[in-house]
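For reference, the structure discussed in these notes is given below.
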Amino acid sequence: MPETATKSISIPDNTSFIEDFPILKREVNGHKLVYLDNAASAQKPKQVVQAIEDYYFNEHSNVHRGIHYLSQLATDRYEGARERMRRFINASFTKEIIFTKGCTDGINLVASAFSKAHLNEGDEVLITEMEHHSNIVPWQMACADKGAKLVVAKVNEDGSMDMDDFKSKLSDRTKLVSVVHISNALGTINPAKEIVAEAKKFGAYTLIDGAQAAPHGGIDIRDIDCDFYVFSGHKMYGPTGSGILYGKESVLENMPPYQGGGEMIKTVTFEKTTYNELPFKFEAGTPNMAAAIGLAAAADFMEDFGIDKISEIENGLLAYATERLLEVDGLKIIGTAEHKASVVSFVVEGTHPSDIGSIIDKLGIAIRTGHHCTQPLMDKFGLPGTCRASFAAYNTLEEIDLLTEGVKRAAKMLR
Amino acid sequence: MAESIQEREEEIIEEFEFFPEWMEKYEHLIELGKSLPLIDEQYKTDDNLIKGCQSRVWLHADREDDTIKYSADSDAIITKGIIALMIRVLNDQKPEDIVNAELDFINQIGLKEHLSPTRSNGLVSMVKQMKFYALAHQAKQ
């Protein structure tokens, strides 16, 4: 859509970007869809679906084991996708890229395999109050299993991480620090590099949950220097069931396999099995090749359009949404940290988030309401949940106008 | 003798025929939700809480002679409006009738999506719980 001079904020032209998403043309409840639930899952561009279709129609076979032409072709495409994802996050080596089903799968892999190798009774795993359930529960399970302790660093009132509290909770007992890069419920961007540096002072390993960071691109693993980084494909315009676990080579080498099966072995006898090398040691069974190839296509798609341009659009949408939503009488934004991604969580005085969500759904506007899988965080703020609008580079200022009008209308009906 | 569940459902379906637009339906539900004192505060306990992902619902049931009296509440007003309808239909009915009620009126008045498990607003669990109470009372007879 063209820039309009009448608005307080302008964003770069994203018309061509929008055109690539057929679903955005559809109607919902008699209105043109306004999709503002991108932090839950982003929509898919033609290029990603096309890549998956091309693969299945022209190149599919099983990978890594066939002598025939198609098996080699499929292997090349799958391993090409791995190299593509290495570049996407600027990792040092392709073998440090493990394909997973998604972020949750990646965290569970680490929680299981890392804990087996390194977590002992009396050790501590340090997380924060703003973690998604998927970065809480696997550690609770691992800690319970090993007699280790889960320690939780505090979040400030504005939704930023309390770095002093975090530092005070690091000690020689801290075996691993697992922190979210960008909060799904608040939009806070955490200082990943600083978190890793502080953890290292105590010899702790580090995992950064990049589920909400990957959709914005520009992740530099070598700069962050964490031991593990996880993200999902479906939040960055890629297919569901795709995801990446990055692990530092030396750290992955010293972890036992997660699951057993084909692909992950070197030799098998009934007495003893030796394991394959990285990254295959952590990819038991026939992998989801189509998902990996689709994910690589999503990385191409984002970088072809331009990561800087995506950021500029998203930052503009965030600023405009913040400004417009605050016009709504009694609306309070939850999460006002200085560094934020394009997520606006809010509550409206005298109304329940699910009522607001139900009403604006009838206007074709999709937002998320509820606790966003961060119940401890909602409890901290004393809220039953929030309404959350999250923006992707295909959203527009006009859609934010519709959201604002929709929330105003809902609030009027409800009070 | 009280109206049957079926008769009450039909009454509500007729009532909602006055509200063909979703906006009017929601406004009516909000009014129902706002106007009814549904539950005695003493029963708004954790034991009576049905936790949904979206909203919370409290449900309490009492036996009165051979019928059941429900009271319930929710922190979300649209959910509360639908609860008011459920209570209107099922209150003072016999346990066996409650257990067998199909409650299709929610579908017929165009609010089916609110009783979908994906909404996770506690309503589906509430209806199950209402029937469960009825079943328990029936067993005691």
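Residues in the structure tokens are numbered from 1 in each chain, the chains being A, B, ... in the order shown, and ligands are numbered from 1 in the order shown.
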
Give me, as a Markdown table, the closest atom pair and its distance (Å, one decimal) for every residue of chain A within a cut-off of 6 Å of chain B, counting only C-alpha atoms, rows sorted by chain and rising number.
| residue | atom | partner | partner_atom | distance |
| --- | --- | --- | --- | --- |
| A:His352 | CA | B:Ala76 | CA | 5.2 |
| A:Ser354 | CA | B:Gln54 | CA | 5.9 |
| A:Gly370 | CA | B:Gln54 | CA | 4.7 |

Q) Could you write out, as an MDAnalysis selection string, all the residues of stretch 64-215 of chain A that DSSP marks as strand (DSSP E)? A) chainID A and resid 97:100 124:128 149:153 174:180 205:209

Restrict the selected residues to N, CA and C atoms and save them as an mmCIF file, in the first residue's frame.
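The resulting file, result-v9.cif, is shown below:
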data_model
loop_
_atom_site.group_PDB
_atom_site.id
_atom_site.type_symbol
_atom_site.label_atom_id
_atom_site.label_comp_id
_atom_site.auth_asym_id
_atom_site.auth_seq_id
_atom_site.Cartn_x
_atom_site.Cartn_y
_atom_site.Cartn_z
ATOM 1 N N ILE A 97 24.383 -26.958 12.623
ATOM 2 C CA ILE A 97 22.958 -26.702 12.367
ATOM 3 C C ILE A 97 22.198 -28.029 12.396
ATOM 4 N N ILE A 98 21.330 -28.198 13.392
ATOM 5 C CA ILE A 98 20.515 -29.413 13.510
ATOM 6 C C ILE A 98 19.086 -29.055 13.111
ATOM 7 N N PHE A 99 18.507 -29.813 12.200
ATOM 8 C CA PHE A 99 17.093 -29.593 11.876
ATOM 9 C C PHE A 99 16.215 -30.219 12.954
ATOM 10 N N THR A 100 15.206 -29.450 13.371
ATOM 11 C CA THR A 100 14.265 -29.934 14.391
ATOM 12 C C THR A 100 12.843 -29.721 13.880
ATOM 13 N N GLU A 124 22.434 -25.740 39.007
ATOM 14 C CA GLU A 124 21.298 -24.845 38.780
ATOM 15 C C GLU A 124 21.140 -24.511 37.302
ATOM 16 N N VAL A 125 19.880 -24.390 36.898
ATOM 17 C CA VAL A 125 19.562 -23.895 35.554
ATOM 18 C C VAL A 125 18.872 -22.554 35.767
ATOM 19 N N LEU A 126 19.403 -21.515 35.132
ATOM 20 C CA LEU A 126 18.879 -20.160 35.357
ATOM 21 C C LEU A 126 18.063 -19.694 34.148
ATOM 22 N N ILE A 127 16.794 -19.361 34.400
ATOM 23 C CA ILE A 127 15.918 -18.825 33.344
ATOM 24 C C ILE A 127 15.391 -17.461 33.827
ATOM 25 N N THR A 128 14.402 -16.897 33.149
ATOM 26 C CA THR A 128 13.817 -15.636 33.621
ATOM 27 C C THR A 128 12.296 -15.790 33.755
ATOM 28 N N LYS A 149 18.383 -27.583 40.361
ATOM 29 C CA LYS A 149 17.422 -26.569 40.803
ATOM 30 C C LYS A 149 17.183 -25.555 39.682
ATOM 31 N N LEU A 150 15.912 -25.211 39.495
ATOM 32 C CA LEU A 150 15.566 -24.192 38.500
ATOM 33 C C LEU A 150 15.518 -22.843 39.209
ATOM 34 N N VAL A 151 16.326 -21.906 38.745
ATOM 35 C CA VAL A 151 16.395 -20.581 39.364
ATOM 36 C C VAL A 151 15.843 -19.572 38.355
ATOM 37 N N VAL A 152 15.057 -18.596 38.865
ATOM 38 C CA VAL A 152 14.342 -17.691 37.969
ATOM 39 C C VAL A 152 14.742 -16.242 38.214
ATOM 40 N N ALA A 153 15.286 -15.579 37.206
ATOM 41 C CA ALA A 153 15.649 -14.160 37.320
ATOM 42 C C ALA A 153 14.420 -13.297 37.073
ATOM 43 N N THR A 174 25.666 -22.521 38.669
ATOM 44 C CA THR A 174 24.871 -22.363 37.442
ATOM 45 C C THR A 174 25.485 -23.198 36.318
ATOM 46 N N LYS A 175 24.756 -24.213 35.877
ATOM 47 C CA LYS A 175 25.298 -25.071 34.820
ATOM 48 C C LYS A 175 24.866 -24.561 33.449
ATOM 49 N N LEU A 176 23.651 -24.017 33.405
ATOM 50 C CA LEU A 176 23.144 -23.536 32.126
ATOM 51 C C LEU A 176 22.225 -22.335 32.335
ATOM 52 N N VAL A 177 22.353 -21.368 31.422
ATOM 53 C CA VAL A 177 21.455 -20.210 31.414
ATOM 54 C C VAL A 177 20.614 -20.325 30.150
ATOM 55 N N SER A 178 19.284 -20.292 30.312
ATOM 56 C CA SER A 178 18.416 -20.411 29.137
ATOM 57 C C SER A 178 17.432 -19.238 29.138
ATOM 58 N N VAL A 179 17.619 -18.324 28.196
ATOM 59 C CA VAL A 179 16.856 -17.070 28.200
ATOM 60 C C VAL A 179 16.280 -16.801 26.815
ATOM 61 N N VAL A 180 15.092 -16.198 26.835
ATOM 62 C CA VAL A 180 14.426 -15.868 25.584
ATOM 63 C C VAL A 180 15.084 -14.623 24.962
ATOM 64 N N TYR A 205 26.956 -22.831 30.601
ATOM 65 C CA TYR A 205 26.559 -22.952 29.197
ATOM 66 C C TYR A 205 25.350 -22.037 28.970
ATOM 67 N N THR A 206 25.101 -21.715 27.698
ATOM 68 C CA THR A 206 24.005 -20.767 27.420
ATOM 69 C C THR A 206 23.141 -21.243 26.261
ATOM 70 N N LEU A 207 21.827 -21.063 26.451
ATOM 71 C CA LEU A 207 20.874 -21.316 25.378
ATOM 72 C C LEU A 207 20.038 -20.047 25.191
ATOM 73 N N ILE A 208 19.904 -19.616 23.949
ATOM 74 C CA ILE A 208 19.033 -18.478 23.661
ATOM 75 C C ILE A 208 17.855 -18.992 22.832
ATOM 76 N N ASP A 209 16.635 -18.681 23.347
ATOM 77 C CA ASP A 209 15.407 -19.095 22.665
ATOM 78 C C ASP A 209 15.040 -17.993 21.663
#

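Among the candidates A:Gly247, A:Gly335, A:Gly241, A:Pro287, the residue lying nearest to A:Ser160 is A:Gly335 (atoms considered: only C-alpha atoms).
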
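Taking atom CA of A:Asn135 as the reference point, atom CA of A:Pro239 is found at 21.6 Å.
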
Q. Pick the closest to A:Thr94 from A:Glu323, A:Gly210, A:Met264, A:Pro279: which is it, counting only C-alpha atoms?
A.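 Of all the options, A:Pro279 lies closest to A:Thr94.
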
Q: Do a neighbour search on A:Ala321 at 12 Å with only C-alpha atoms, toss out local chain neighbours closer than 6 positions, and write the hits as a PyMOL selection string.
A: chain A and resi 7-10+36+314-315+327-328+333+342-346+388-391+395-405+407

Serialized selection, C-alpha atoms, as an mmCIF file, in the first residue's frame:
data_model
loop_
_atom_site.group_PDB
_atom_site.id
_atom_site.type_symbol
_atom_site.label_atom_id
_atom_site.label_comp_id
_atom_site.auth_asym_id
_atom_site.auth_seq_id
_atom_site.Cartn_x
_atom_site.Cartn_y
_atom_site.Cartn_z
ATOM 1 C CA LYS A 7 -0.298 9.585 9.185
ATOM 2 C CA SER A 8 2.232 10.489 11.825
ATOM 3 C CA ILE A 9 4.503 7.629 10.797
ATOM 4 C CA SER A 10 5.374 6.222 7.393
ATOM 5 C CA LEU A 36 -2.103 -9.561 13.597
ATOM 6 C CA GLU A 314 8.138 -3.573 11.687
ATOM 7 C CA ASN A 315 9.577 -0.734 13.768
ATOM 8 C CA GLU A 327 -5.866 6.655 22.140
ATOM 9 C CA VAL A 328 -8.264 3.982 23.440
ATOM 10 C CA ILE A 333 0.296 -1.499 27.208
ATOM 11 C CA SER A 342 6.797 -5.582 16.835
ATOM 12 C CA VAL A 343 4.549 -6.971 19.570
ATOM 13 C CA VAL A 344 1.988 -4.915 21.486
ATOM 14 C CA SER A 345 0.395 -6.601 24.494
ATOM 15 C CA PHE A 346 -2.418 -4.642 26.093
ATOM 16 C CA ARG A 388 -1.629 -9.201 21.809
ATOM 17 C CA ALA A 389 -1.246 -7.702 18.372
ATOM 18 C CA SER A 390 1.961 -8.772 16.653
ATOM 19 C CA PHE A 391 3.084 -7.401 13.315
ATOM 20 C CA ASN A 395 0.997 -5.521 7.811
ATOM 21 C CA THR A 396 0.062 -1.925 7.108
ATOM 22 C CA LEU A 397 -0.672 1.295 8.943
ATOM 23 C CA GLU A 398 -4.261 1.054 7.678
ATOM 24 C CA GLU A 399 -4.623 -2.313 9.421
ATOM 25 C CA ILE A 400 -3.518 -0.690 12.670
ATOM 26 C CA ASP A 401 -6.226 1.945 12.149
ATOM 27 C CA LEU A 402 -8.754 -0.891 11.813
ATOM 28 C CA LEU A 403 -7.396 -2.547 14.953
ATOM 29 C CA THR A 404 -7.654 0.701 16.904
ATOM 30 C CA GLU A 405 -11.220 1.340 15.754
ATOM 31 C CA VAL A 407 -10.755 -2.152 20.026
#
